[in-house]
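The block underneath contains the structure these notes are about, expressed in structure tokens.
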Amino acid sequence: MMEETNHDTLKKALAKLPGYTPPPVAWLAICERLEEAPLQHAITQLPGHEPDEKLWELIERKAPGRKRIFHWPYAAAVLLAGFIGIWIWRVNRQPAVFYSQIEIDQRLQAHDVLDTDVQYEKLKAYCETETPVCNTGEYKQLSAEFENLHAASAQLQEVIGQYNTEPELVKQLNSIEKQKAAILNEMAKMI
């Protein structure tokens with residue numbers, strides 16, 4: 001097949017040609033001449049020829065508007081991909097559940113009843129037996145400081161809650177408890 005070297009130029013020149021529609025009489029004359037006996041006789045004398053099957057397949061592939069839409073390998077690939085997609089979707093549809101266990105370090109946990117509070121209550125009960133030292137200003141000042149530290153300790157324990165997640169809060173609680181123990185020692189020395 002030879003390709004036209006000036007294809008675009010030829011297209012433009014053909015587009016510029018004037019259009020011509022022959023009169024209906026011309027078409028009738030052509031049809032009459034096709035039916036004349038010498039032409040019909042010549043057509044019957046033409047040899048018959050059947051082209052090879054491969055040639056028809058090539059013509060069928062290149063014919064405009066006659067493309068095969070359905071190709072078995074592509075259809076099988078799409079079907080297989082669909083089944084795999086559905087299988088993956090069903091497997092991934094169930095959410096995964098993850099959990100872990102952490103053992104709590106008991107040293108970092110705040111206890112509900114603190115030893116300093118128990119000791120303070122014993123000291124307070126002893127003072128109720130009318131010990132004269134308990135009425136002094138210095139003892140009352142130490143007792144007021146202990147009560148303030150006790151209130152701060154209670155608030156801190158409330159912030160810490162049942163599950164301690166911040167070791168810094170336990171350090172603060174231990175510091176307060178040390179201060180309370182020092183005050184209790186001072187109070188006990190006075191009695």
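Every chain in the structure tokens has a letter given in the order shown (A, B, ...), and although residue numbers restart at 1 in each chain, ligands are simply numbered from 1 in the order shown.
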Inset, instruction - Give me the residues within 12 Å of Lys124 of chain A as an MDAnalysis selection string, counting only C-alpha atoms and dropping any in the same chain fewer than 2 places off. - result: chainID A and resid 117:122 126:131 133:135 139:140 143 146:147 184 187:188 191
Legend entry - Pick from A:Val78, A:Ala15, A:Ile183, A:Val25 nearest to Gln141 of chain A, counting only C-alpha atoms: A:Ile183
Legend entry - Residue contacts of Leu156 of chain A (9 Å, only C-alpha atoms) excluding same-chain residues fewer than 6 positions away, as a VMD selection string: chain A and resid 169 to 170 172 to 173
Could you take the residues named above and write them with all heavy atoms, as a short mmCIF file (atom, residue, chain, number, x, y, z; two decimals), in the first residue's frame?
data_model
loop_
_atom_site.label_atom_id
_atom_site.label_comp_id
_atom_site.auth_asym_id
_atom_site.auth_seq_id
_atom_site.Cartn_x
_atom_site.Cartn_y
_atom_site.Cartn_z
N LEU A 169 2.48 12.67 88.97
CA LEU A 169 1.48 12.92 90.02
C LEU A 169 1.79 12.09 91.27
O LEU A 169 1.61 12.57 92.39
CB LEU A 169 0.07 12.59 89.50
CG LEU A 169 -0.46 13.48 88.38
CD1 LEU A 169 -1.82 13.00 87.92
CD2 LEU A 169 -0.53 14.93 88.82
N VAL A 170 2.26 10.87 91.08
CA VAL A 170 2.63 10.02 92.22
C VAL A 170 3.82 10.62 92.95
O VAL A 170 3.89 10.61 94.18
CB VAL A 170 2.92 8.58 91.76
CG1 VAL A 170 3.44 7.73 92.91
CG2 VAL A 170 1.67 7.95 91.18
N GLN A 172 4.47 13.81 93.20
CA GLN A 172 3.93 14.93 93.99
C GLN A 172 3.22 14.41 95.24
O GLN A 172 3.37 14.98 96.33
CB GLN A 172 2.95 15.75 93.14
CG GLN A 172 3.60 16.55 92.04
CD GLN A 172 2.58 17.29 91.17
OE1 GLN A 172 1.40 17.30 91.47
NE2 GLN A 172 3.07 17.92 90.11
N LEU A 173 2.47 13.33 95.10
CA LEU A 173 1.77 12.75 96.25
C LEU A 173 2.78 12.25 97.29
O LEU A 173 2.59 12.48 98.50
CB LEU A 173 0.86 11.60 95.79
CG LEU A 173 0.00 10.96 96.88
CD1 LEU A 173 -0.98 11.97 97.47
CD2 LEU A 173 -0.74 9.76 96.34
#
Inset, instruction - Provide the atom CA of Asn174 of chain A to atom CA of Ile102 of chain A distance in Å, to one decimal place. - result: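 So the answer is 23.1 Å.
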Inset, instruction - Enumerate the residues of chain A with a DSSP assignment of helix (DSSP H, G or I), computed from the backbone, and present them as a ChimeraX atom specification. - result: /A:7-16,24-34,37-44,53-62,72-92,106-108,115-127,132-135,137-160,167-190
Inset, instruction - Figure out the distance between atom CA of Ile30 of chain A and atom CA of Lys11 of chain A, please, to one decimal in Å. - result: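 For atom CA of Lys11 of chain A relative to atom CA of Ile30 of chain A, the distance reads 28.9 Å.
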Inset, instruction - Would you work out the distance separating atom CA of Glu177 of chain A from atom CA of Thr116 of chain A, expressed in Å to one decimal? - result: 7.1 Å
